[in-house]
$ cat input.cif   # mmCIF, C-alpha atoms and all ligand atoms
data_coords
#
loop_
_atom_site.label_atom_id
_atom_site.label_comp_id
_atom_site.auth_asym_id
_atom_site.auth_seq_id
_atom_site.Cartn_x
_atom_site.Cartn_y
_atom_site.Cartn_z
CA MET A 1279 -4.64 15.49 -19.45
CA THR A 1280 -2.88 12.90 -21.52
CA GLY A 1281 -3.79 9.28 -21.41
CA THR A 1282 -0.29 7.99 -20.93
CA ALA A 1283 2.55 8.87 -18.67
CA THR A 1284 5.19 11.21 -19.95
CA ALA A 1285 8.32 9.23 -19.58
CA GLY A 1286 10.71 12.01 -18.69
CA ARG A 1287 9.45 13.17 -15.32
CA ALA A 1288 8.44 9.73 -14.23
CA GLY A 1289 12.03 8.64 -14.47
CA CYS A 1290 11.95 6.07 -17.21
CA ARG A 1291 15.31 4.38 -17.00
CA ALA A 1292 15.75 4.78 -20.75
CA CYS A 1293 15.10 8.49 -20.80
CA VAL A 1294 15.86 10.05 -17.45
CA GLU A 1295 16.19 13.80 -17.73
CA PRO A 1296 19.56 15.03 -16.53
CA ASP A 1297 18.10 17.53 -14.10
CA ASN A 1298 15.23 15.53 -12.71
CA ALA A 1299 16.75 15.19 -9.28
CA SER A 1300 15.16 18.52 -8.54
CA ASN A 1301 12.33 20.57 -9.90
CA GLN A 1302 13.69 23.77 -8.49
CA GLY A 1303 14.27 26.41 -11.10
CA ARG A 1304 12.22 24.58 -13.71
CA GLN A 1305 9.34 26.30 -15.36
CA THR A 1306 5.82 25.27 -14.63
CA HIS A 1307 3.66 24.38 -17.59
CA VAL A 1308 1.41 27.40 -17.89
CA ASN A 1309 0.18 28.84 -21.14
CA ASP A 1310 0.06 32.51 -22.03
CA ASP A 1311 -3.53 32.85 -20.91
CA ASN A 1312 -2.66 31.17 -17.61
CA ARG A 1313 -4.52 27.93 -18.23
CA PRO A 1314 -2.91 24.85 -16.75
CA GLY A 1315 -0.81 23.12 -19.35
CA ASP A 1316 0.15 19.52 -19.71
CA PHE A 1317 -0.88 17.86 -16.47
CA SER A 1318 1.19 14.80 -17.22
CA GLU A 1319 3.92 16.52 -15.21
CA PRO A 1320 2.08 17.53 -12.03
CA MET A 1321 5.26 17.66 -10.00
CA MET A 1322 6.12 20.75 -12.03
CA TYR A 1323 3.35 22.68 -10.29
CA PRO A 1324 3.29 24.16 -6.80
CA ARG A 1325 2.40 21.39 -4.39
CA TYR A 1326 -0.97 22.82 -3.40
CA THR A 1327 -2.28 23.18 -6.95
CA GLY A 1328 -3.67 20.90 -9.60
CA ILE A 1329 -5.50 17.60 -9.42
CA PRO A 1330 -4.13 15.55 -6.52
CA THR A 1331 -2.77 12.36 -7.97
CA PHE A 1332 -0.83 10.04 -5.66
CA MET A 1333 2.43 11.85 -4.81
CA ARG A 1334 1.75 14.18 -7.77
CA THR A 1335 2.75 11.48 -10.21
CA PRO A 1336 1.38 11.58 -13.76
CA TYR A 1337 -2.05 10.06 -14.19
CA ALA A 1338 -1.93 7.16 -16.65
CA GLU A 1339 -4.85 5.40 -18.29
CA ALA A 1340 -2.67 3.31 -20.59
CA LEU A 1341 -0.08 1.11 -18.90
CA ASP A 1342 2.53 0.88 -21.65
CA ASP A 1343 5.02 3.22 -20.00
CA VAL A 1344 4.42 2.34 -16.36
CA ASP A 1345 6.67 0.28 -14.08
CA ILE A 1346 4.85 0.91 -10.80
CA GLY A 1347 1.16 1.79 -10.59
CA LEU A 1348 -0.11 3.71 -7.59
CA ILE A 1349 -3.72 2.61 -7.39
CA GLY A 1350 -6.68 3.37 -5.17
CA VAL A 1351 -9.12 0.72 -3.99
CA PRO A 1352 -12.11 2.64 -2.61
CA PHE A 1353 -13.97 -0.25 -1.05
CA ASP A 1354 -14.90 -0.94 2.56
CA GLY A 1355 -17.69 -3.46 2.16
CA GLY A 1356 -15.65 -5.95 4.18
CA VAL A 1357 -15.53 -3.88 7.37
CA THR A 1358 -16.85 -5.59 10.51
CA ASN A 1359 -17.45 -2.43 12.51
CA ARG A 1360 -16.70 1.20 11.63
CA THR A 1361 -16.86 1.97 7.91
CA GLY A 1362 -15.02 4.78 6.14
CA ALA A 1363 -11.96 3.29 4.45
CA ARG A 1364 -13.69 3.62 1.07
CA HIS A 1365 -12.72 7.29 1.35
CA GLY A 1366 -9.08 6.39 1.96
CA PRO A 1367 -7.66 6.71 -1.57
CA ARG A 1368 -8.96 10.24 -2.09
CA GLU A 1369 -7.60 11.56 1.20
CA ILE A 1370 -4.31 9.74 0.80
CA ARG A 1371 -3.98 11.32 -2.64
CA ASN A 1372 -4.63 14.72 -1.10
CA GLN A 1373 -2.13 14.33 1.74
CA SER A 1374 0.40 12.65 -0.54
CA SER A 1375 1.10 15.99 -2.22
CA LEU A 1376 3.36 16.48 0.81
CA MET A 1377 5.64 13.69 -0.40
CA ARG A 1378 8.86 14.70 -2.13
CA ARG A 1379 11.18 13.09 -4.64
CA VAL A 1380 13.95 11.57 -2.55
CA ASN A 1381 13.90 9.53 0.64
CA GLN A 1382 16.30 11.57 2.74
CA ALA A 1383 17.20 8.63 4.99
CA THR A 1384 17.92 6.02 2.33
CA LYS A 1385 18.72 8.32 -0.62
CA VAL A 1386 16.29 6.27 -2.71
CA ALA A 1387 14.65 8.34 -5.48
CA PRO A 1388 11.81 6.09 -6.63
CA PHE A 1389 10.74 8.31 -9.53
CA ASP A 1390 14.24 8.12 -10.98
CA LEU A 1391 14.44 4.35 -10.58
CA CYS A 1392 11.10 3.57 -12.16
CA ARG A 1393 8.28 5.06 -14.15
CA VAL A 1394 5.73 5.64 -11.41
CA CYS A 1395 2.19 6.70 -12.26
CA ASP A 1396 -1.17 7.10 -10.61
CA VAL A 1397 -3.26 4.57 -12.50
CA GLY A 1398 -6.52 5.67 -10.93
CA ASP A 1399 -8.96 3.73 -8.79
CA THR A 1400 -10.31 0.25 -9.25
CA MET A 1401 -13.82 0.79 -10.52
CA ILE A 1402 -16.34 -0.86 -8.24
CA ARG A 1403 -19.69 -0.95 -9.94
CA SER A 1404 -21.44 -3.24 -7.50
CA PRO A 1405 -20.44 -1.99 -4.05
CA PHE A 1406 -23.49 -3.58 -2.43
CA HIS A 1407 -22.23 -7.03 -3.41
CA LEU A 1408 -19.10 -7.93 -1.55
CA GLU A 1409 -17.95 -10.91 -3.58
CA SER A 1410 -18.54 -9.30 -6.97
CA SER A 1411 -16.72 -6.21 -5.70
CA LEU A 1412 -13.74 -8.41 -4.88
CA ASP A 1413 -13.97 -9.82 -8.42
CA GLU A 1414 -13.88 -6.31 -9.86
CA ILE A 1415 -10.83 -5.45 -7.76
CA GLU A 1416 -9.12 -8.63 -8.94
CA ARG A 1417 -9.75 -7.75 -12.58
CA ALA A 1418 -8.21 -4.29 -12.14
CA PHE A 1419 -5.06 -5.76 -10.61
CA ALA A 1420 -4.93 -8.55 -13.18
CA ARG A 1421 -4.81 -5.86 -15.87
CA LEU A 1422 -1.83 -4.24 -14.13
CA HIS A 1423 -0.15 -7.59 -13.63
CA ALA A 1424 -0.59 -8.57 -17.28
CA ALA A 1425 1.06 -5.30 -18.29
CA GLY A 1426 4.02 -5.94 -16.01
CA VAL A 1427 3.01 -3.10 -13.68
CA VAL A 1428 3.87 -3.58 -10.01
CA PRO A 1429 1.04 -2.33 -7.78
CA VAL A 1430 1.38 -0.12 -4.72
CA ALA A 1431 -2.19 0.27 -3.54
CA ALA A 1432 -4.16 2.45 -1.15
CA GLY A 1433 -7.28 0.89 0.40
CA GLY A 1434 -9.92 0.41 1.20
CA ASP A 1435 -10.35 -2.05 4.03
CA HIS A 1436 -8.09 -5.06 4.37
CA SER A 1437 -10.44 -7.38 2.51
CA VAL A 1438 -9.05 -5.86 -0.70
CA THR A 1439 -5.69 -7.59 -0.34
CA LEU A 1440 -7.27 -10.96 -1.16
CA PRO A 1441 -8.30 -9.98 -4.71
CA ILE A 1442 -4.90 -8.32 -5.16
CA PHE A 1443 -3.32 -11.68 -4.36
CA ARG A 1444 -5.73 -13.44 -6.71
CA ALA A 1445 -4.36 -11.23 -9.47
CA ILE A 1446 -0.63 -11.26 -8.70
CA ALA A 1447 -0.13 -14.64 -6.98
CA LYS A 1448 -2.20 -16.84 -9.25
CA HIS A 1449 0.80 -18.75 -10.59
CA ARG A 1450 2.84 -19.00 -7.39
CA PRO A 1451 2.16 -18.08 -3.79
CA VAL A 1452 3.81 -14.98 -2.37
CA GLY A 1453 5.37 -14.37 1.02
CA MET A 1454 4.25 -11.41 3.08
CA VAL A 1455 5.50 -8.90 5.60
CA HIS A 1456 2.29 -7.84 7.29
CA PHE A 1457 2.03 -4.87 9.65
CA ASP A 1458 -1.21 -4.88 11.60
CA ALA A 1459 -2.79 -5.05 15.04
CA HIS A 1460 -4.70 -8.09 13.79
CA CYS A 1461 -3.64 -11.27 11.99
CA ASP A 1462 -6.70 -11.13 9.72
CA THR A 1463 -6.85 -14.92 9.61
CA HIS A 1464 -10.29 -15.18 11.16
CA ASP A 1465 -12.92 -17.51 9.76
CA ASP A 1466 -16.47 -16.80 8.60
CA TYR A 1467 -18.15 -13.89 10.34
CA LEU A 1468 -21.89 -13.24 10.36
CA GLY A 1469 -22.34 -15.59 7.45
CA SER A 1470 -19.60 -14.27 5.20
CA LYS A 1471 -16.28 -15.91 4.34
CA PHE A 1472 -15.01 -12.58 3.11
CA HIS A 1473 -14.38 -9.59 5.38
CA HIS A 1474 -11.43 -7.52 6.51
CA GLY A 1475 -10.62 -9.92 9.35
CA ALA A 1476 -10.12 -12.95 7.09
CA PRO A 1477 -8.21 -12.14 3.88
CA PHE A 1478 -5.07 -14.07 4.80
CA ARG A 1479 -6.91 -17.22 5.86
CA ARG A 1480 -8.66 -17.21 2.50
CA ALA A 1481 -5.39 -16.43 0.71
CA VAL A 1482 -3.72 -19.47 2.26
CA GLU A 1483 -6.72 -21.66 1.46
CA GLU A 1484 -6.63 -20.48 -2.15
CA GLY A 1485 -2.90 -21.20 -2.46
CA LEU A 1486 -2.00 -17.53 -2.94
CA LEU A 1487 -0.05 -16.92 0.27
CA ASP A 1488 2.71 -19.14 1.66
CA PRO A 1489 2.14 -19.19 5.43
CA HIS A 1490 5.72 -20.34 6.06
CA ARG A 1491 6.93 -17.17 4.35
CA THR A 1492 4.55 -14.88 6.23
CA ILE A 1493 5.31 -12.69 9.24
CA GLN A 1494 2.68 -10.62 11.03
CA ILE A 1495 4.00 -7.73 13.13
CA GLY A 1496 2.27 -5.66 15.82
CA ILE A 1497 -0.54 -8.02 16.82
CA ARG A 1498 -2.44 -6.95 19.96
CA GLY A 1499 -5.73 -5.92 21.49
CA GLY A 1500 -8.48 -7.70 23.33
CA VAL A 1501 -9.99 -10.77 21.74
CA ALA A 1502 -13.33 -12.49 21.99
CA ASP A 1503 -11.59 -15.86 21.91
CA ILE A 1504 -7.99 -16.52 22.97
CA ASP A 1505 -7.60 -18.83 19.96
CA VAL A 1506 -8.77 -16.21 17.50
CA TRP A 1507 -5.47 -16.32 15.54
CA LYS A 1508 -5.08 -20.09 15.75
CA PHE A 1509 -5.05 -20.36 11.97
CA SER A 1510 -1.89 -18.23 11.77
CA HIS A 1511 -0.12 -20.36 14.35
CA ASP A 1512 -1.36 -23.70 12.99
CA THR A 1513 -0.27 -22.94 9.42
CA GLY A 1514 3.21 -21.76 10.43
CA MET A 1515 2.94 -18.02 10.06
CA ARG A 1516 5.32 -16.08 12.28
CA VAL A 1517 3.18 -13.98 14.61
CA VAL A 1518 5.02 -11.14 16.36
CA TYR A 1519 2.79 -9.81 19.09
CA MET A 1520 3.26 -6.19 20.02
CA GLU A 1521 4.82 -7.08 23.36
CA GLU A 1522 7.57 -9.03 21.62
CA LEU A 1523 8.22 -6.18 19.21
CA PHE A 1524 8.44 -3.79 22.15
CA GLU A 1525 10.85 -6.04 24.06
CA ARG A 1526 13.10 -7.00 21.12
CA GLY A 1527 13.01 -3.76 19.16
CA TRP A 1528 12.20 -3.21 15.49
CA ARG A 1529 15.66 -4.08 14.13
CA SER A 1530 15.77 -7.59 15.54
CA VAL A 1531 12.22 -8.30 14.40
CA ILE A 1532 12.80 -7.08 10.87
CA GLU A 1533 16.00 -9.10 10.59
CA GLU A 1534 13.88 -12.14 11.37
CA ALA A 1535 11.27 -10.96 8.86
CA ARG A 1536 13.92 -10.98 6.13
CA GLU A 1537 14.78 -14.57 7.03
CA VAL A 1538 11.14 -15.61 7.07
CA VAL A 1539 10.35 -14.29 3.58
CA GLY A 1540 13.73 -15.15 2.05
CA ASP A 1541 14.62 -14.45 -1.57
CA SER A 1542 11.29 -15.29 -3.16
CA PRO A 1543 8.50 -12.92 -4.22
CA THR A 1544 7.12 -11.03 -1.24
CA TYR A 1545 4.30 -8.57 -0.68
CA VAL A 1546 4.14 -5.80 1.94
CA SER A 1547 0.74 -5.16 3.49
CA PHE A 1548 0.46 -2.24 5.88
CA ASP A 1549 -2.72 -1.84 7.91
CA VAL A 1550 -2.56 1.59 9.57
CA ASP A 1551 -4.16 0.14 12.69
CA GLY A 1552 -0.80 -1.53 13.32
CA LEU A 1553 0.36 1.93 14.33
CA ASP A 1554 -0.62 3.22 17.73
CA PRO A 1555 -3.83 5.26 17.45
CA VAL A 1556 -1.96 8.35 18.65
CA TYR A 1557 -0.34 8.28 15.20
CA ALA A 1558 -3.24 6.91 13.19
CA PRO A 1559 -6.60 7.40 14.93
CA GLY A 1560 -8.53 7.54 11.67
CA THR A 1561 -9.14 3.85 11.18
CA GLY A 1562 -11.96 1.39 11.69
CA THR A 1563 -10.48 -0.81 14.40
CA PRO A 1564 -7.93 1.16 16.46
CA GLU A 1565 -6.00 -0.73 19.14
CA VAL A 1566 -3.88 1.14 21.68
CA GLY A 1567 -0.32 0.06 22.40
CA GLY A 1568 0.99 -0.06 18.84
CA PHE A 1569 4.27 0.81 17.16
CA SER A 1570 5.21 4.36 16.21
CA THR A 1571 5.52 6.03 12.82
CA ILE A 1572 9.34 6.13 12.96
CA GLU A 1573 9.45 2.44 13.89
CA ALA A 1574 7.19 1.69 10.92
CA GLN A 1575 9.38 3.73 8.58
CA LEU A 1576 12.55 2.03 9.80
CA MET A 1577 10.98 -1.41 9.43
CA ILE A 1578 9.79 -0.75 5.87
CA ARG A 1579 13.17 0.71 4.87
CA ALA A 1580 14.86 -2.41 6.26
CA LEU A 1581 13.00 -4.50 3.65
CA SER A 1582 15.29 -3.04 0.99
CA GLY A 1583 16.80 -5.70 -1.24
CA LEU A 1584 13.98 -8.23 -0.91
CA ASP A 1585 12.10 -9.43 -3.99
CA LEU A 1586 9.12 -7.17 -3.39
CA VAL A 1587 6.30 -7.62 -5.90
CA GLY A 1588 3.83 -5.09 -4.52
CA GLY A 1589 2.36 -3.53 -1.45
CA ASP A 1590 -0.56 -1.72 0.06
CA VAL A 1591 -1.63 0.67 2.79
CA VAL A 1592 -5.11 -0.09 4.00
CA GLU A 1593 -7.72 0.94 6.58
CA VAL A 1594 -7.23 4.71 6.45
CA ALA A 1595 -10.76 5.90 7.34
CA PRO A 1596 -11.09 9.67 6.75
CA PRO A 1597 -14.44 10.03 8.59
CA PHE A 1598 -12.52 9.24 11.81
CA ASP A 1599 -9.60 11.43 10.80
CA PRO A 1600 -10.68 15.08 11.12
CA SER A 1601 -7.11 16.44 11.15
CA GLY A 1602 -6.08 14.45 8.07
CA ASN A 1603 -3.07 13.11 9.96
CA THR A 1604 -3.90 9.45 9.45
CA ALA A 1605 -4.10 10.01 5.70
CA LEU A 1606 -0.74 11.81 5.84
CA VAL A 1607 0.71 8.87 7.76
CA GLY A 1608 -0.81 6.48 5.24
CA ALA A 1609 0.65 8.46 2.33
CA THR A 1610 4.04 8.46 4.02
CA MET A 1611 4.01 4.70 4.54
CA MET A 1612 2.94 4.32 0.92
CA PHE A 1613 5.98 6.39 -0.09
CA GLU A 1614 8.27 4.24 2.08
CA ILE A 1615 6.83 1.09 0.48
CA LEU A 1616 7.19 2.67 -2.97
CA CYS A 1617 10.89 3.30 -2.29
CA VAL A 1618 11.71 -0.34 -1.48
CA VAL A 1619 9.42 -1.69 -4.20
CA ALA A 1620 11.05 0.64 -6.74
CA GLN A 1621 14.46 -0.72 -5.75
CA ALA A 1622 13.20 -4.25 -6.37
CA ARG A 1623 11.50 -3.30 -9.65
CA ALA A 1624 14.61 -1.54 -10.93
CA GLU A 1625 16.59 -4.75 -10.44
MN MN B 1701 -5.85 -5.69 8.75
MN MN B 1702 -6.04 -4.35 11.69
#

$ encode --input "input.cif" --output "C-alpha cells" --more "lines below"
Ligand code: MN
Ligand code: MN
Amino acid sequence: MTGTATAGRAGCRACVEPDNASNQGRQTHVNDDNRPGDFSEPMMYPRYTGIPTFMRTPYAEALDDVDIGLIGVPFDGGVTNRTGARHGPREIRNQSSLMRRVNQATKVAPFDLCRVCDVGDTMIRSPFHLESSLDEIERAFARLHAAGVVPVAAGGDHSVTLPIFRAIAKHRPVGMVHFDAHCDTHDDYLGSKFHHGAPFRRAVEEGLLDPHRTIQIGIRGGVADIDVWKFSHDTGMRVVYMEELFERGWRSVIEEAREVVGDSPTYVSFDVDGLDPVYAPGTGTPEVGGFSTIEAQLMIRALSGLDLVGGDVVEVAPPFDPSGNTALVGATMMFEILCVVAQARAE
C-alpha cells in the first residue's frame, strides 16, 4: 500500500485518465503469483475484495495530492443514551463498497472532479476523556485544513462536529444545513458541556457557527421540556420541524435553506436519526415520523452550487443495525454529500 494517493484514478484535474469514466474492461492489478498489487487503485478490484476504504478510494497517509479527504471519526463518548456510533466508520466503509463512480441522477462524477482519498480515522488515544478526545479530533481536522483538504467525515456521534468546526471555522464562522431529528443545541447535561445534544450551542458560543446562516431540518420527537430548543430559536437559527417539512415538501424547504445559508462557506451535517427509523434504525436516538431516504437524497442534491466547505454523516450505530442497512444508508448520504462538496471544491 502506498502512502500517497495515485493521482490518476482519483481524478486529479491535472491528470485525469481518458478512460476513467468506467473501470469496465480495465485490468485489475494482480501479479503473476496472484498477490494483490498496488492497492492505491482499489476501484480496479472487484467490489467485494480488498481492504474496504471509503467508497474504494485510495488510502492516503500524506495529503499532498488530496482535494477531499474521506475520514472516519470513531468516537461516541458524547452519547447520552445508546452507544455504538464509534463503530460507524468501519461499517460505513464496508457498505460504501456499494457506491459507484457517477451519481446517476445529477451526472456528477466526484472522483473525476477532485482527488478523493480515504485519509483514515482520527486517532483517539484517550477515549475515556471526552474533552481531550475532542481535542484529538480537532487536531486531525486541523491537519487536513492546513493542507487544503476538504473533509467529508463519517462519525461517530454528533459531538464530533464541534471539533471539526474548531478546525475549519477558526477564522470565520460557517453556515450549516443540518439534517436531524434534534437541534443539538441543548445545554449542559449531567455535568458536561460537551455531548451529542449540544455541539451547535457550543459552536455558536465559540464563534464557529453563524446561527443566522443555520437551518435545522426534520426536528421532532417527544421532549422533556417544551423549550428544549430555545437556544436555536433565540439565536435566529431556522428550525424546520418535521411537520412543516411534511406539509411544505422537501423542495420548498431546501429552497429556503439555500436562502438561509447564502453564498458564504457552509457545512452539511447529516445525523442519520433525521431519517425515519424504518430507513435508519441503527442509531442511538431514533425518532419515528422522519423523512425518507429519497427525500434526503433530493435535499442534499439540491445544495449543489453552494459554497460547501465540508460535511459529515453521524450517528450510524452498527450494534443496532444487524442488517447493515443503516450503514448503507449512511454511506449513500456520504456519497451524495461528496458529490455536492466535490462540485464546490472543483470551483
Ligand atoms: Mn444530532
Ligand atoms: Mn439526532

$ residues_near_ligand --input "input.cif" --ligand "ligand MN 1701 (chain B)" --cutoff "10 Å" --atoms "all atoms listed in the file" --output "ChimeraX atom specification"
/A:1357,1435-1439,1456-1463,1473-1478,1497,1547-1552,1562-1563,1591-1593

$ closest_residue --input "input.cif" --among "A:Val1594, A:Val1397, A:Ala1580, A:Val1428" --to "ligand MN 1702 (chain B)" --atoms "only C-alpha atoms and all ligand atoms"
A:Val1594

$ closest_residue --input "input.cif" --among "A:Ala1431, A:His1449, A:Glu1565, A:Val1482" --to "Val1619 (chain A)" --atoms "only C-alpha atoms"
A:Ala1431

$ closest_residue --input "input.cif" --among "A:Leu1487, A:Ala1338, A:Ile1493, A:Ile1415" --to "His1511 (chain A)" --atoms "all atoms listed in the file"
A:Ile1493

$ residues_near_point --input "input.cif" --point "(14.7, 3.6, -12.4)" --cutoff "6 Å" --atoms "only C-alpha atoms" --output "list in words"
Arg1291, Asp1390, Leu1391, Cys1392 and Ala1624 of chain A

$ build_atoms --input "input.cif" --residues "region 1478-1511 of chain A" --atoms "N, CA and C atoms" --output "PDB file, in the coordinates of the input"
ATOM      1  N   PHE A1478      -6.273 -13.244   4.905  1.00  0.00           N
ATOM      2  CA  PHE A1478      -5.070 -14.070   4.800  1.00  0.00           C
ATOM      3  C   PHE A1478      -5.347 -15.531   5.102  1.00  0.00           C
ATOM      4  N   ARG A1479      -6.455 -15.831   5.782  1.00  0.00           N
ATOM      5  CA  ARG A1479      -6.910 -17.220   5.860  1.00  0.00           C
ATOM      6  C   ARG A1479      -7.354 -17.685   4.486  1.00  0.00           C
ATOM      7  N   ARG A1480      -8.169 -16.845   3.828  1.00  0.00           N
ATOM      8  CA  ARG A1480      -8.660 -17.210   2.500  1.00  0.00           C
ATOM      9  C   ARG A1480      -7.496 -17.309   1.509  1.00  0.00           C
ATOM     10  N   ALA A1481      -6.521 -16.415   1.650  1.00  0.00           N
ATOM     11  CA  ALA A1481      -5.390 -16.430   0.710  1.00  0.00           C
ATOM     12  C   ALA A1481      -4.575 -17.706   0.850  1.00  0.00           C
ATOM     13  N   VAL A1482      -4.422 -18.203   2.070  1.00  0.00           N
ATOM     14  CA  VAL A1482      -3.720 -19.470   2.260  1.00  0.00           C
ATOM     15  C   VAL A1482      -4.553 -20.615   1.682  1.00  0.00           C
ATOM     16  N   GLU A1483      -5.839 -20.609   1.978  1.00  0.00           N
ATOM     17  CA  GLU A1483      -6.720 -21.660   1.460  1.00  0.00           C
ATOM     18  C   GLU A1483      -6.727 -21.707  -0.067  1.00  0.00           C
ATOM     19  N   GLU A1484      -6.601 -20.540  -0.680  1.00  0.00           N
ATOM     20  CA  GLU A1484      -6.630 -20.480  -2.150  1.00  0.00           C
ATOM     21  C   GLU A1484      -5.247 -20.669  -2.771  1.00  0.00           C
ATOM     22  N   GLY A1485      -4.248 -20.938  -1.934  1.00  0.00           N
ATOM     23  CA  GLY A1485      -2.900 -21.200  -2.460  1.00  0.00           C
ATOM     24  C   GLY A1485      -2.176 -19.963  -2.953  1.00  0.00           C
ATOM     25  N   LEU A1486      -2.580 -18.794  -2.479  1.00  0.00           N
ATOM     26  CA  LEU A1486      -2.000 -17.530  -2.940  1.00  0.00           C
ATOM     27  C   LEU A1486      -0.907 -17.020  -2.010  1.00  0.00           C
ATOM     28  N   LEU A1487      -0.975 -17.420  -0.753  1.00  0.00           N
ATOM     29  CA  LEU A1487      -0.050 -16.920   0.270  1.00  0.00           C
ATOM     30  C   LEU A1487       0.619 -18.122   0.937  1.00  0.00           C
ATOM     31  N   ASP A1488       1.961 -18.072   0.999  1.00  0.00           N
ATOM     32  CA  ASP A1488       2.710 -19.140   1.660  1.00  0.00           C
ATOM     33  C   ASP A1488       2.814 -18.808   3.148  1.00  0.00           C
ATOM     34  N   PRO A1489       2.131 -19.547   4.001  1.00  0.00           N
ATOM     35  CA  PRO A1489       2.140 -19.190   5.430  1.00  0.00           C
ATOM     36  C   PRO A1489       3.522 -19.308   6.062  1.00  0.00           C
ATOM     37  N   HIS A1490       4.369 -20.191   5.514  1.00  0.00           N
ATOM     38  CA  HIS A1490       5.720 -20.340   6.060  1.00  0.00           C
ATOM     39  C   HIS A1490       6.623 -19.165   5.693  1.00  0.00           C
ATOM     40  N   ARG A1491       6.176 -18.379   4.732  1.00  0.00           N
ATOM     41  CA  ARG A1491       6.930 -17.170   4.350  1.00  0.00           C
ATOM     42  C   ARG A1491       6.125 -15.922   4.697  1.00  0.00           C
ATOM     43  N   THR A1492       5.380 -16.001   5.796  1.00  0.00           N
ATOM     44  CA  THR A1492       4.550 -14.880   6.230  1.00  0.00           C
ATOM     45  C   THR A1492       4.907 -14.494   7.660  1.00  0.00           C
ATOM     46  N   ILE A1493       5.087 -13.198   7.885  1.00  0.00           N
ATOM     47  CA  ILE A1493       5.310 -12.690   9.240  1.00  0.00           C
ATOM     48  C   ILE A1493       4.342 -11.551   9.501  1.00  0.00           C
ATOM     49  N   GLN A1494       3.708 -11.588  10.664  1.00  0.00           N
ATOM     50  CA  GLN A1494       2.680 -10.620  11.030  1.00  0.00           C
ATOM     51  C   GLN A1494       3.193  -9.864  12.256  1.00  0.00           C
ATOM     52  N   ILE A1495       3.269  -8.542  12.155  1.00  0.00           N
ATOM     53  CA  ILE A1495       4.000  -7.730  13.130  1.00  0.00           C
ATOM     54  C   ILE A1495       3.067  -6.682  13.751  1.00  0.00           C
ATOM     55  N   GLY A1496       3.027  -6.692  15.096  1.00  0.00           N
ATOM     56  CA  GLY A1496       2.270  -5.660  15.820  1.00  0.00           C
ATOM     57  C   GLY A1496       0.952  -6.138  16.407  1.00  0.00           C
ATOM     58  N   ILE A1497       0.763  -7.448  16.445  1.00  0.00           N
ATOM     59  CA  ILE A1497      -0.540  -8.020  16.820  1.00  0.00           C
ATOM     60  C   ILE A1497      -0.845  -7.728  18.297  1.00  0.00           C
ATOM     61  N   ARG A1498      -2.078  -7.343  18.585  1.00  0.00           N
ATOM     62  CA  ARG A1498      -2.440  -6.950  19.960  1.00  0.00           C
ATOM     63  C   ARG A1498      -3.948  -6.744  20.071  1.00  0.00           C
ATOM     64  N   GLY A1499      -4.339  -6.293  21.252  1.00  0.00           N
ATOM     65  CA  GLY A1499      -5.730  -5.920  21.490  1.00  0.00           C
ATOM     66  C   GLY A1499      -6.503  -7.052  22.156  1.00  0.00           C
ATOM     67  N   GLY A1500      -7.613  -6.695  22.721  1.00  0.00           N
ATOM     68  CA  GLY A1500      -8.480  -7.700  23.330  1.00  0.00           C
ATOM     69  C   GLY A1500      -9.063  -8.614  22.264  1.00  0.00           C
ATOM     70  N   VAL A1501      -9.396  -9.816  22.677  1.00  0.00           N
ATOM     71  CA  VAL A1501      -9.990 -10.770  21.740  1.00  0.00           C
ATOM     72  C   VAL A1501     -11.225 -11.395  22.360  1.00  0.00           C
ATOM     73  N   ALA A1502     -12.129 -11.813  21.505  1.00  0.00           N
ATOM     74  CA  ALA A1502     -13.330 -12.490  21.990  1.00  0.00           C
ATOM     75  C   ALA A1502     -13.007 -13.929  22.361  1.00  0.00           C
ATOM     76  N   ASP A1503     -11.948 -14.454  21.743  1.00  0.00           N
ATOM     77  CA  ASP A1503     -11.590 -15.860  21.910  1.00  0.00           C
ATOM     78  C   ASP A1503     -10.063 -15.925  21.880  1.00  0.00           C
ATOM     79  N   ILE A1504      -9.444 -16.520  22.885  1.00  0.00           N
ATOM     80  CA  ILE A1504      -7.990 -16.520  22.970  1.00  0.00           C
ATOM     81  C   ILE A1504      -7.359 -17.242  21.783  1.00  0.00           C
ATOM     82  N   ASP A1505      -8.104 -18.098  21.132  1.00  0.00           N
ATOM     83  CA  ASP A1505      -7.600 -18.830  19.960  1.00  0.00           C
ATOM     84  C   ASP A1505      -7.954 -18.150  18.643  1.00  0.00           C
ATOM     85  N   VAL A1506      -8.251 -16.865  18.695  1.00  0.00           N
ATOM     86  CA  VAL A1506      -8.770 -16.210  17.500  1.00  0.00           C
ATOM     87  C   VAL A1506      -7.787 -16.286  16.325  1.00  0.00           C
ATOM     88  N   TRP A1507      -6.458 -16.280  16.629  1.00  0.00           N
ATOM     89  CA  TRP A1507      -5.470 -16.320  15.540  1.00  0.00           C
ATOM     90  C   TRP A1507      -4.835 -17.698  15.405  1.00  0.00           C
ATOM     91  N   LYS A1508      -5.581 -18.710  15.806  1.00  0.00           N
ATOM     92  CA  LYS A1508      -5.080 -20.090  15.750  1.00  0.00           C
ATOM     93  C   LYS A1508      -4.642 -20.476  14.342  1.00  0.00           C
ATOM     94  N   PHE A1509      -5.383 -20.003  13.349  1.00  0.00           N
ATOM     95  CA  PHE A1509      -5.050 -20.360  11.970  1.00  0.00           C
ATOM     96  C   PHE A1509      -3.625 -19.923  11.618  1.00  0.00           C
ATOM     97  N   SER A1510      -3.257 -18.720  12.034  1.00  0.00           N
ATOM     98  CA  SER A1510      -1.890 -18.230  11.770  1.00  0.00           C
ATOM     99  C   SER A1510      -0.869 -19.169  12.382  1.00  0.00           C
ATOM    100  N   HIS A1511      -1.090 -19.509  13.647  1.00  0.00           N
ATOM    101  CA  HIS A1511      -0.120 -20.360  14.350  1.00  0.00           C
ATOM    102  C   HIS A1511      -0.108 -21.769  13.759  1.00  0.00           C
TER     103      HIS A1511
END
